[in-house]
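Structure file work08.csv (CSV, C-alpha atoms and all ligand atoms) is printed below.
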chain,number,residue,atom,x,y,z
A,15,MET,CA,105.6,99.2,121.8
A,16,GLU,CA,108.3,97.6,123.9
A,17,GLN,CA,111.6,97.3,122.1
A,18,ILE,CA,113.2,93.9,121.9
A,19,THR,CA,117.0,93.7,121.9
A,20,PHE,CA,118.6,90.7,120.4
A,21,ILE,CA,121.8,89.3,121.9
A,22,THR,CA,124.1,88.1,119.3
A,23,PRO,CA,126.6,85.2,120.1
A,24,SER,CA,129.5,87.6,119.8
A,25,ASP,CA,127.9,89.9,122.5
A,26,THR,CA,127.6,87.0,124.9
A,27,GLU,CA,131.2,86.1,124.2
A,28,GLU,CA,132.3,89.7,124.9
A,29,ASN,CA,130.2,89.8,128.1
A,30,LEU,CA,131.7,86.5,129.1
A,31,ASN,CA,135.2,87.9,128.5
A,32,ILE,CA,134.5,90.9,130.7
A,33,ASN,CA,133.2,88.6,133.4
A,34,THR,CA,136.1,86.3,133.4
A,35,GLU,CA,138.5,89.2,133.4
A,36,LYS,CA,136.7,90.6,136.4
A,37,ALA,CA,136.8,87.3,138.1
A,38,LEU,CA,140.6,87.2,137.9
A,39,PRO,CA,142.2,88.0,141.2
A,40,LEU,CA,144.3,91.2,141.4
A,41,LEU,CA,147.9,91.0,142.6
A,42,SER,CA,149.2,94.4,143.7
A,43,VAL,CA,153.0,94.8,143.5
A,44,ILE,CA,154.3,97.4,146.0
A,45,VAL,CA,157.7,99.0,145.4
A,46,PRO,CA,159.2,101.5,147.8
A,47,CYS,CA,161.6,103.8,146.0
A,48,TYR,CA,164.1,106.2,147.4
A,49,ASN,CA,166.4,107.9,144.8
A,50,GLU,CA,166.0,105.0,142.3
A,51,GLU,CA,165.9,106.9,139.0
A,52,GLU,CA,168.7,104.8,137.5
A,53,VAL,CA,167.2,101.4,138.4
A,54,LEU,CA,163.5,102.0,137.8
A,55,PRO,CA,163.5,101.6,134.0
A,56,ILE,CA,165.3,98.3,134.4
A,57,PHE,CA,162.9,97.2,137.1
A,58,MET,CA,159.9,98.0,134.8
A,59,GLU,CA,161.5,96.2,131.9
A,60,SER,CA,161.9,93.1,134.0
A,61,MET,CA,158.3,93.3,135.4
A,62,LEU,CA,156.6,93.2,132.0
A,63,PRO,CA,157.2,89.5,131.1
A,64,ILE,CA,156.3,88.6,134.7
A,65,GLU,CA,152.9,90.3,134.4
A,66,LYS,CA,152.3,88.4,131.1
A,67,SER,CA,153.2,85.1,132.5
A,68,LEU,CA,151.0,85.6,135.6
A,69,GLU,CA,148.1,86.6,133.4
A,70,SER,CA,148.5,83.6,131.2
A,71,SER,CA,149.2,81.1,134.0
A,72,ALA,CA,147.4,77.9,133.4
A,73,ASP,CA,146.5,77.1,137.0
A,74,PHE,CA,146.2,80.5,138.7
A,75,PRO,CA,145.9,83.4,136.3
A,76,CYS,CA,145.7,86.9,137.8
A,77,ARG,CA,145.8,90.5,136.9
A,78,THR,CA,148.5,92.8,138.2
A,79,GLU,CA,148.9,96.4,139.3
A,80,ILE,CA,152.1,98.1,140.3
A,81,LEU,CA,152.2,100.7,143.0
A,82,PHE,CA,155.4,102.7,143.4
A,83,VAL,CA,155.9,104.6,146.6
A,84,ASP,CA,158.3,107.5,146.1
A,85,ASP,CA,159.8,108.0,149.6
A,86,GLY,CA,160.7,111.7,149.1
A,87,SER,CA,163.4,111.1,146.6
A,88,GLY,CA,165.7,114.0,145.8
A,89,ASP,CA,166.5,112.8,142.2
A,90,SER,CA,164.1,112.4,139.3
A,91,THR,CA,162.4,109.3,140.5
A,92,ILE,CA,159.0,111.1,140.5
A,93,GLU,CA,159.4,112.1,136.8
A,94,VAL,CA,160.2,108.5,135.9
A,95,LEU,CA,157.1,107.3,137.8
A,96,ARG,CA,155.0,109.9,136.0
A,97,SER,CA,156.2,108.7,132.7
A,98,PHE,CA,155.3,105.1,133.7
A,99,THR,CA,151.7,106.0,134.5
A,100,GLU,CA,151.4,107.6,131.1
A,101,LYS,CA,152.8,104.5,129.4
A,102,TYR,CA,151.3,101.7,131.4
A,103,GLU,CA,147.6,101.4,132.5
A,104,ASN,CA,148.2,99.3,135.6
A,105,VAL,CA,150.9,101.5,137.2
A,106,LYS,CA,150.1,103.9,140.1
A,107,TYR,CA,152.3,105.9,142.3
A,108,ILE,CA,152.3,107.8,145.6
A,109,SER,CA,154.9,110.4,146.4
A,110,PHE,CA,155.8,111.5,149.9
A,111,SER,CA,156.5,115.1,150.9
A,112,LYS,CA,159.9,114.1,152.3
A,113,ASN,CA,161.8,110.9,153.1
A,114,PHE,CA,159.8,109.0,155.8
A,115,GLY,CA,161.8,105.7,155.5
A,116,LYS,CA,161.1,102.4,154.0
A,117,GLU,CA,158.7,101.2,156.8
A,118,ALA,CA,156.4,104.2,156.1
A,119,ALA,CA,156.6,103.5,152.3
A,120,ILE,CA,155.5,99.8,153.0
A,121,LEU,CA,152.6,101.0,155.1
A,122,ALA,CA,151.5,103.5,152.5
A,123,GLY,CA,151.7,100.8,149.9
A,124,LEU,CA,149.6,98.4,151.8
A,125,LYS,CA,147.0,101.0,152.5
A,126,ASN,CA,146.7,102.2,148.9
A,127,ILE,CA,146.3,99.0,146.9
A,128,GLU,CA,143.1,97.3,145.8
A,129,GLY,CA,144.5,93.9,145.2
A,130,ASP,CA,143.2,90.6,146.6
A,131,PHE,CA,146.9,89.8,147.1
A,132,CYS,CA,150.1,91.8,147.3
A,133,VAL,CA,153.8,91.3,146.9
A,134,LEU,CA,156.3,93.6,148.4
A,135,LEU,CA,159.7,94.0,146.7
A,136,ASP,CA,162.6,96.4,146.4
A,137,ALA,CA,163.1,98.6,143.4
A,138,ASP,CA,166.7,97.7,143.0
A,139,LEU,CA,166.1,94.2,141.7
A,140,GLN,CA,167.8,92.6,144.6
A,141,HIS,CA,164.5,90.9,145.2
A,142,PRO,CA,164.3,89.3,141.7
A,143,PRO,CA,160.8,89.8,140.1
A,144,ALA,CA,161.4,86.5,138.3
A,145,LEU,CA,160.6,84.7,141.6
A,146,ILE,CA,157.1,86.2,141.7
A,147,PRO,CA,155.4,83.5,139.6
A,148,GLU,CA,156.8,80.8,141.8
A,149,MET,CA,155.7,82.5,144.9
A,150,TRP,CA,152.2,83.0,143.4
A,151,GLN,CA,152.1,79.3,142.4
A,152,LYS,CA,153.2,78.2,145.9
A,153,LEU,CA,150.8,80.6,147.7
A,154,ASN,CA,147.8,79.3,145.8
A,155,SER,CA,148.6,75.6,145.5
A,156,GLY,CA,149.8,75.2,149.0
A,157,GLY,CA,146.9,77.2,150.6
A,158,TYR,CA,149.3,79.6,152.3
A,159,ASP,CA,148.3,83.1,153.5
A,160,SER,CA,151.8,84.3,152.9
A,161,VAL,CA,155.1,83.4,151.1
A,162,ALA,CA,158.1,85.0,152.7
A,163,MET,CA,161.6,85.1,151.3
A,164,TYR,CA,164.9,84.8,153.2
A,165,ARG,CA,168.4,85.3,152.0
A,166,ASN,CA,170.6,82.3,151.8
A,167,ASN,CA,173.6,83.9,150.2
A,168,ARG,CA,174.9,85.7,153.2
A,169,LYS,CA,178.5,84.8,152.4
A,170,LYS,CA,178.4,87.4,149.6
A,171,GLU,CA,177.7,90.2,152.2
A,172,GLY,CA,180.4,92.1,154.0
A,173,PHE,CA,181.8,90.7,157.3
A,174,PHE,CA,180.0,93.3,159.5
A,175,ARG,CA,176.6,93.0,157.8
A,176,ARG,CA,176.6,89.2,157.9
A,177,HIS,CA,177.5,88.7,161.5
A,178,PHE,CA,175.6,91.7,162.8
A,179,SER,CA,172.5,90.6,161.0
A,180,SER,CA,172.5,87.0,162.2
A,181,PHE,CA,173.3,88.2,165.8
A,182,PHE,CA,170.4,90.6,165.5
A,183,PHE,CA,167.9,88.0,164.4
A,184,ARG,CA,169.0,85.6,167.2
A,185,LEU,CA,168.8,88.4,169.8
A,186,LEU,CA,165.4,89.7,168.7
A,187,ASN,CA,163.9,86.2,168.7
A,188,LYS,CA,165.3,85.6,172.2
A,189,LEU,CA,164.1,88.9,173.6
A,190,SER,CA,160.7,88.9,172.0
A,191,LYS,CA,158.1,86.2,171.4
A,192,LEU,CA,158.8,86.4,167.6
A,193,ASN,CA,160.3,83.7,165.6
A,194,ILE,CA,161.8,85.4,162.6
A,195,VAL,CA,163.9,83.3,160.2
A,196,ASN,CA,167.5,84.4,160.0
A,197,GLY,CA,168.0,86.4,156.8
A,198,ALA,CA,164.3,87.3,156.5
A,199,THR,CA,163.6,90.2,154.1
A,200,ASP,CA,160.6,92.4,153.2
A,201,PHE,CA,160.2,90.4,150.0
A,202,ARG,CA,156.8,88.8,150.7
A,203,MET,CA,153.5,87.9,149.1
A,204,MET,CA,150.3,88.0,151.2
A,205,ASN,CA,146.6,87.5,150.8
A,206,ARG,CA,144.0,90.1,151.6
A,207,MET,CA,143.2,88.5,155.0
A,208,MET,CA,146.8,89.0,156.1
A,209,ILE,CA,147.1,92.5,154.6
A,210,ASP,CA,144.0,93.6,156.6
A,211,ALA,CA,145.5,92.1,159.8
A,212,VAL,CA,148.8,93.9,159.2
A,213,LEU,CA,146.9,97.2,158.6
A,214,SER,CA,144.8,96.7,161.8
A,215,LEU,CA,147.9,97.4,163.9
A,216,PRO,CA,147.7,101.1,164.5
A,217,GLU,CA,151.3,101.8,165.6
A,218,SER,CA,153.2,104.3,163.6
A,219,ASN,CA,156.7,103.3,164.6
A,220,ARG,CA,156.7,100.1,162.6
A,221,PHE,CA,159.0,97.1,162.2
A,222,SER,CA,157.3,95.2,159.4
A,223,LYS,CA,159.3,92.0,159.6
A,224,GLY,CA,158.1,91.7,163.3
A,225,ILE,CA,154.5,92.7,162.4
A,226,PHE,CA,154.3,90.1,159.7
A,227,CYS,CA,155.4,87.5,162.2
A,228,TRP,CA,153.2,88.8,165.0
A,229,VAL,CA,150.0,88.6,163.1
A,230,GLY,CA,150.5,84.9,162.6
A,231,PHE,CA,148.8,83.1,159.6
A,232,ASN,CA,150.1,80.3,157.5
A,233,THR,CA,153.5,81.3,156.1
A,234,LEU,CA,155.8,79.5,153.7
A,235,TRP,CA,159.5,80.5,154.0
A,236,MET,CA,161.5,80.2,150.8
A,237,PRO,CA,165.2,80.8,150.4
A,238,PHE,CA,166.5,83.0,147.6
A,239,GLU,CA,169.7,84.6,146.4
A,240,THR,CA,169.8,88.3,146.5
A,241,ALA,CA,171.0,89.7,143.2
A,242,GLU,CA,173.5,92.5,142.8
A,243,ARG,CA,172.1,96.0,142.4
A,244,PRO,CA,172.3,96.8,138.6
A,245,ALA,CA,172.4,100.5,139.3
A,246,GLY,CA,172.2,103.1,142.1
A,247,LYS,CA,173.5,102.4,145.6
A,248,SER,CA,172.2,101.1,149.0
A,249,LYS,CA,170.7,103.6,151.3
A,250,TRP,CA,171.5,101.7,154.4
A,251,SER,CA,174.7,102.7,156.2
A,252,SER,CA,176.0,100.5,159.1
A,253,GLY,CA,174.9,103.2,161.6
A,254,LYS,CA,171.3,103.2,160.2
A,255,LEU,CA,171.2,99.4,160.4
A,256,VAL,CA,172.2,99.5,164.1
A,257,SER,CA,169.6,102.1,165.0
A,258,TYR,CA,167.0,100.1,162.9
A,259,SER,CA,167.8,97.0,165.0
A,260,PHE,CA,167.4,99.0,168.3
A,261,ASP,CA,164.0,100.2,167.0
A,262,ALA,CA,163.0,96.6,166.2
A,263,ILE,CA,163.9,95.3,169.6
A,264,LEU,CA,162.3,98.1,171.5
A,265,SER,CA,159.1,97.8,169.6
A,266,PHE,CA,158.7,94.1,170.1
A,267,SER,CA,160.2,93.4,173.5
A,268,GLU,CA,159.9,94.6,177.1
A,269,THR,CA,162.8,92.3,178.1
A,270,PRO,CA,165.4,95.2,178.3
A,271,LEU,CA,163.1,96.8,181.0
A,272,LYS,CA,162.9,93.5,182.9
A,273,ILE,CA,166.7,93.1,182.7
A,274,CYS,CA,167.1,96.6,184.2
A,275,SER,CA,164.8,95.6,187.1
A,276,TRP,CA,166.6,92.3,187.7
A,277,ILE,CA,170.1,93.9,187.7
A,278,GLY,CA,168.7,96.6,190.0
A,279,ILE,CA,167.4,94.0,192.5
A,280,ILE,CA,170.7,92.0,192.3
A,281,PHE,CA,172.7,95.2,193.1
A,282,CYS,CA,170.5,96.1,196.0
A,283,LEU,CA,170.9,92.6,197.5
A,284,VAL,CA,174.6,92.6,197.0
A,285,SER,CA,175.0,96.0,198.7
A,286,PHE,CA,172.7,94.9,201.6
A,287,LEU,CA,174.8,91.7,202.2
A,288,LEU,CA,178.1,93.7,201.9
A,289,GLY,CA,176.7,96.2,204.4
A,290,ILE,CA,176.0,93.4,206.9
A,291,TYR,CA,179.5,92.0,206.3
A,292,HIS,CA,181.2,95.3,206.9
A,293,LEU,CA,179.1,96.0,210.0
A,294,VAL,CA,180.0,92.7,211.6
A,295,LYS,CA,183.7,93.1,210.6
A,296,THR,CA,183.8,96.5,212.2
A,297,ILE,CA,182.1,95.4,215.4
A,298,ILE,CA,184.4,92.4,215.8
A,299,PHE,CA,187.8,93.6,214.5
A,300,GLY,CA,187.4,97.4,214.4
A,301,ASP,CA,188.3,98.8,211.0
A,302,PRO,CA,190.6,101.7,209.9
A,303,VAL,CA,189.3,103.7,206.9
A,304,ALA,CA,190.3,101.5,204.0
A,305,GLY,CA,188.9,100.4,200.7
A,306,PHE,CA,188.7,103.9,199.2
A,307,PRO,CA,189.3,102.7,195.6
A,308,THR,CA,186.5,100.1,196.0
A,309,LEU,CA,184.3,102.9,197.1
A,310,TYR,CA,184.8,105.2,194.2
A,311,LEU,CA,184.8,102.4,191.7
A,312,MET,CA,181.5,101.2,193.0
A,313,MET,CA,180.1,104.7,192.8
A,314,LEU,CA,181.2,105.0,189.2
A,315,LEU,CA,179.8,101.6,188.3
A,316,MET,CA,176.5,102.3,190.0
A,317,GLY,CA,176.3,105.8,188.4
A,318,GLY,CA,176.9,104.2,185.0
A,319,ILE,CA,174.3,101.5,185.4
A,320,VAL,CA,171.7,104.0,186.7
A,321,LEU,CA,172.3,106.3,183.7
A,322,LEU,CA,172.2,103.3,181.2
A,323,PHE,CA,168.9,102.1,182.6
A,324,LEU,CA,167.4,105.6,182.7
A,325,GLY,CA,168.5,105.7,179.0
A,326,ILE,CA,166.7,102.5,178.2
A,327,ILE,CA,163.5,103.6,180.0
A,328,GLY,CA,163.8,106.9,178.2
A,329,GLN,CA,163.9,105.1,174.8
A,330,TYR,CA,160.6,103.4,175.6
A,331,LEU,CA,159.2,106.7,176.9
A,332,ALA,CA,160.2,108.4,173.7
A,333,ARG,CA,158.3,105.8,171.7
A,334,ILE,CA,155.2,106.2,173.8
A,335,TYR,CA,155.5,110.0,173.4
A,336,LEU,CA,155.7,109.6,169.6
A,337,GLU,CA,152.8,107.2,169.4
A,338,ILE,CA,150.7,109.4,171.7
A,339,LYS,CA,151.2,112.4,169.5
A,340,GLN,CA,149.5,110.4,166.8
A,341,ARG,CA,151.5,112.0,164.0
A,342,PRO,CA,150.8,110.4,160.6
A,343,PRO,CA,153.7,108.0,159.6
A,344,TYR,CA,153.9,109.7,156.2
A,345,ILE,CA,152.4,112.6,154.2
A,346,ILE,CA,151.4,112.2,150.6
A,347,LYS,CA,152.2,115.0,148.2
A,348,GLU,CA,151.2,113.5,144.9
A,349,LYS,CA,149.2,110.5,143.9
A,350,LYS,CA,148.1,108.8,140.7
B,401,LIG,N1,164.0,102.7,150.5
B,401,LIG,C1,163.0,103.6,150.8
B,401,LIG,N2,163.2,104.5,151.7
B,401,LIG,C2,164.4,104.7,152.4
B,401,LIG,C3,165.5,103.8,152.1
B,401,LIG,C4,165.2,102.8,151.1
B,401,LIG,O1,161.9,103.5,150.3
B,401,LIG,O2,164.6,105.6,153.2
B,401,LIG,C5,163.8,101.7,149.4
B,401,LIG,C6,164.8,101.6,148.3
B,401,LIG,O3,164.5,102.5,147.3
B,401,LIG,C7,164.8,100.2,147.9
B,401,LIG,C8,164.5,99.4,149.2
B,401,LIG,O4,163.9,100.4,150.1
B,401,LIG,O5,163.7,99.9,147.0
B,401,LIG,C9,165.7,98.8,149.8
B,401,LIG,O6,166.7,99.8,150.0
B,401,LIG,P1,168.2,99.6,149.7
B,401,LIG,O7,168.5,98.8,148.5
B,401,LIG,O8,168.9,100.9,149.9
B,401,LIG,O9,168.6,98.6,151.0
B,401,LIG,P2,169.5,97.3,151.0
B,401,LIG,O10,169.1,96.5,149.9
B,401,LIG,O11,170.9,97.8,150.9
B,401,LIG,O12,169.2,96.7,152.3
B,402,MG,MG,168.9,96.9,148.0
Represent the structure from my file as structure tokens, please.
Amino acid sequence: MEQITFITPSDTEENLNINTEKALPLLSVIVPCYNEEEVLPIFMESMLPIEKSLESSADFPCRTEILFVDDGSGDSTIEVLRSFTEKYENVKYISFSKNFGKEAAILAGLKNIEGDFCVLLDADLQHPPALIPEMWQKLNSGGYDSVAMYRNNRKKEGFFRRHFSSFFFRLLNKLSKLNIVNGATDFRMMNRMMIDAVLSLPESNRFSKGIFCWVGFNTLWMPFETAERPAGKSKWSSGKLVSYSFDAILSFSETPLKICSWIGIIFCLVSFLLGIYHLVKTIIFGDPVAGFPTLYLMMLLMGGIVLLFLGIIGQYLARIYLEIKQRPPYIIKEKK
């Protein structure tokens, strides 16, 4: 005889609960970490109330997961992350075999989340987690694909950083077709459509701020004040920042190559005209050997310019070479 199962009201309620929980969208929090053992426990502490408030949000409730990307730290970051996964169900981590840089960590993060949405933020609390609920609210209520944060407290930064950074953003926007807001950071929330678009760019030498801008979509820019680091120290020296800026310009603009060609053309024209001038002058007036200093100064100048331009072409060539080798941008050693 066929067995009949009765569904009690409490069963239905339980099923309903499961269903509503499943229906909640998942927000993945991606956190690149490089030698952040001191600050990670503070970070986790400040994330807990945020997770609760997101889950109980009246308008747009969501579940959260946190993915830490250990970028080959030399301290005990990985042990701290292991302890997090034992303690919290919604925490995952990826650990690289060596330091591949923050850009690689961001890429690994985006590739390894399951969320319908993601938010990228630094481990050092300089991107305050307390702003996540507001970003989430704005993203959902305004129908945006992305909410991107830019620093508006540049005065607190050192003289070099402040001026170099705003010069860099202006130069990059001029040389490329991008329109990145001055003070833009990697602190950003995106929906799945935009995440997939970002991941569809196969390049391994990545400048994320440029990529986020390049893929388009509807982005809301919000100002925020960067907080002080509660512990640990910044991994960016002035030299690293300068080389990062060169990388950014070279990966988003061909203008330096065009400038080389134009200057080359101008120099050819000038030398051609000078040649005619000297020829005419010699025929009409006859000319003793003079202008030796002009000669060697011109040779030095031309030599310098040729070498500089070869260097610029070389930089592009090196990037093509690296892309063509198709090396992975990072190698994962441990994952949970
Ligand atoms: N970071 C990383 N790999 C690196 C350097 C930095 O994953 O090679 C992470 C770091 O742990 C932090 C974030 O990127 O979470 C920002 O780094 P940092 O605070 O040193 O930069 P700053 O705030 O000074 O620009
Ligand atoms: Mg920082």
By how many Å are atom CA of Pro55 of chain A and atom CA of Asn166 of chain A apart?
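For atom CA of Pro55 of chain A relative to atom CA of Asn166 of chain A, the distance reads 27.2 Å.
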For Ser248 of chain A, which of A:Met203, A:Ile80, A:Leu139, A:Leu95 is the closest residue, counting all atoms listed in the file?
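Answer, going by the shortest atom-to-atom distance: A:Leu139.
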Residues up to 8 Å from ligand LIG 401 (chain B), counting all atoms listed in the file: could you list those as a PyMOL selection string?
chain A and resi 45-50+83-85+113-117+119-120+135-138+140+243+247-250
So which one's closest to Asp210 of chain A, A:Glu79, A:Glu69, A:Asp130, A:Glu337? Using all atoms listed in the file, please.
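That would be A:Asp130, the residue with the smallest distance to Asp210 of chain A.
Nearest residue to ligand MG 402 (chain B), choosing from A:Pro342, A:Gly86, A:Gly129, A:Gly246 and counting all atoms listed in the file: A:Gly246.
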Just the number, please: distance in Å from atom CA of Phe182 of chain A to atom CA of Leu264 of chain A, one decimal.
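Value for the atom CA of Phe182 of chain A-atom CA of Leu264 of chain A distance: 12.6 Å.
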Calculated over all atoms listed in the file, which of the candidates A:Val320, A:Ile108, A:Ile263, A:Leu153 has the smallest distance to Phe281 of chain A?
A:Val320
Using all atoms listed in the file, which of A:Asn167, A:Ser42, A:Asn219, A:Ser111 sits nearest Ala198 of chain A?
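Of all the options, A:Asn167 lies closest to Ala198 of chain A.
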Counting all atoms listed in the file, which of A:Ala122, A:Ala245, A:Val94, A:Met58 gets nearest to ligand MG 402 (chain B)?
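The closest residue to ligand MG 402 (chain B) is A:Ala245.
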Which distance in Å separates atom CA of Phe181 of chain A and atom CA of Leu324 of chain A, to one decimal?
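Taking atom CA of Phe181 of chain A and atom CA of Leu324 of chain A, their separation equals 25.0 Å.
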Please provide as a VMD selection string all residues within 12 Å of His141 of chain A, with the sequence filter that same-chain residues fewer than 2 positions apart are discarded (counting all atoms listed in the file).
chain A and resid 45 57 60 to 61 133 to 139 143 to 146 162 to 165 198 to 202 237 to 244
Give me, as number ranges by chain, all polymer residues having an atom no more than 9 Å from segment 252-255 of chain A, counting all atoms listed in the file and skipping those fewer than 5 positions away in the same chain.
A: 174-175, 179, 260
Identify the residues around (165.2, 96.0, 178.1) within a radius of 10 Å, measuring from all atoms listed in the file in the coordinates stated by the file, and give them as a list in words.
Leu189, Ile263, Leu264, Ser267, Glu268, Thr269, Pro270, Leu271, Lys272, Ile273, Cys274, Ser275, Phe323, Ile326, Ile327, Gln329 and Tyr330 of chain A
So which residues touch Glu217 of chain A within 10 Å, counting all atoms listed in the file, skipping near sequence neighbours fewer than 6 positions away, as a list in words?
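Result of the neighbour search: Ser265, Leu336, Glu337, Ile338, Gln340, Pro342 and Pro343 of chain A.
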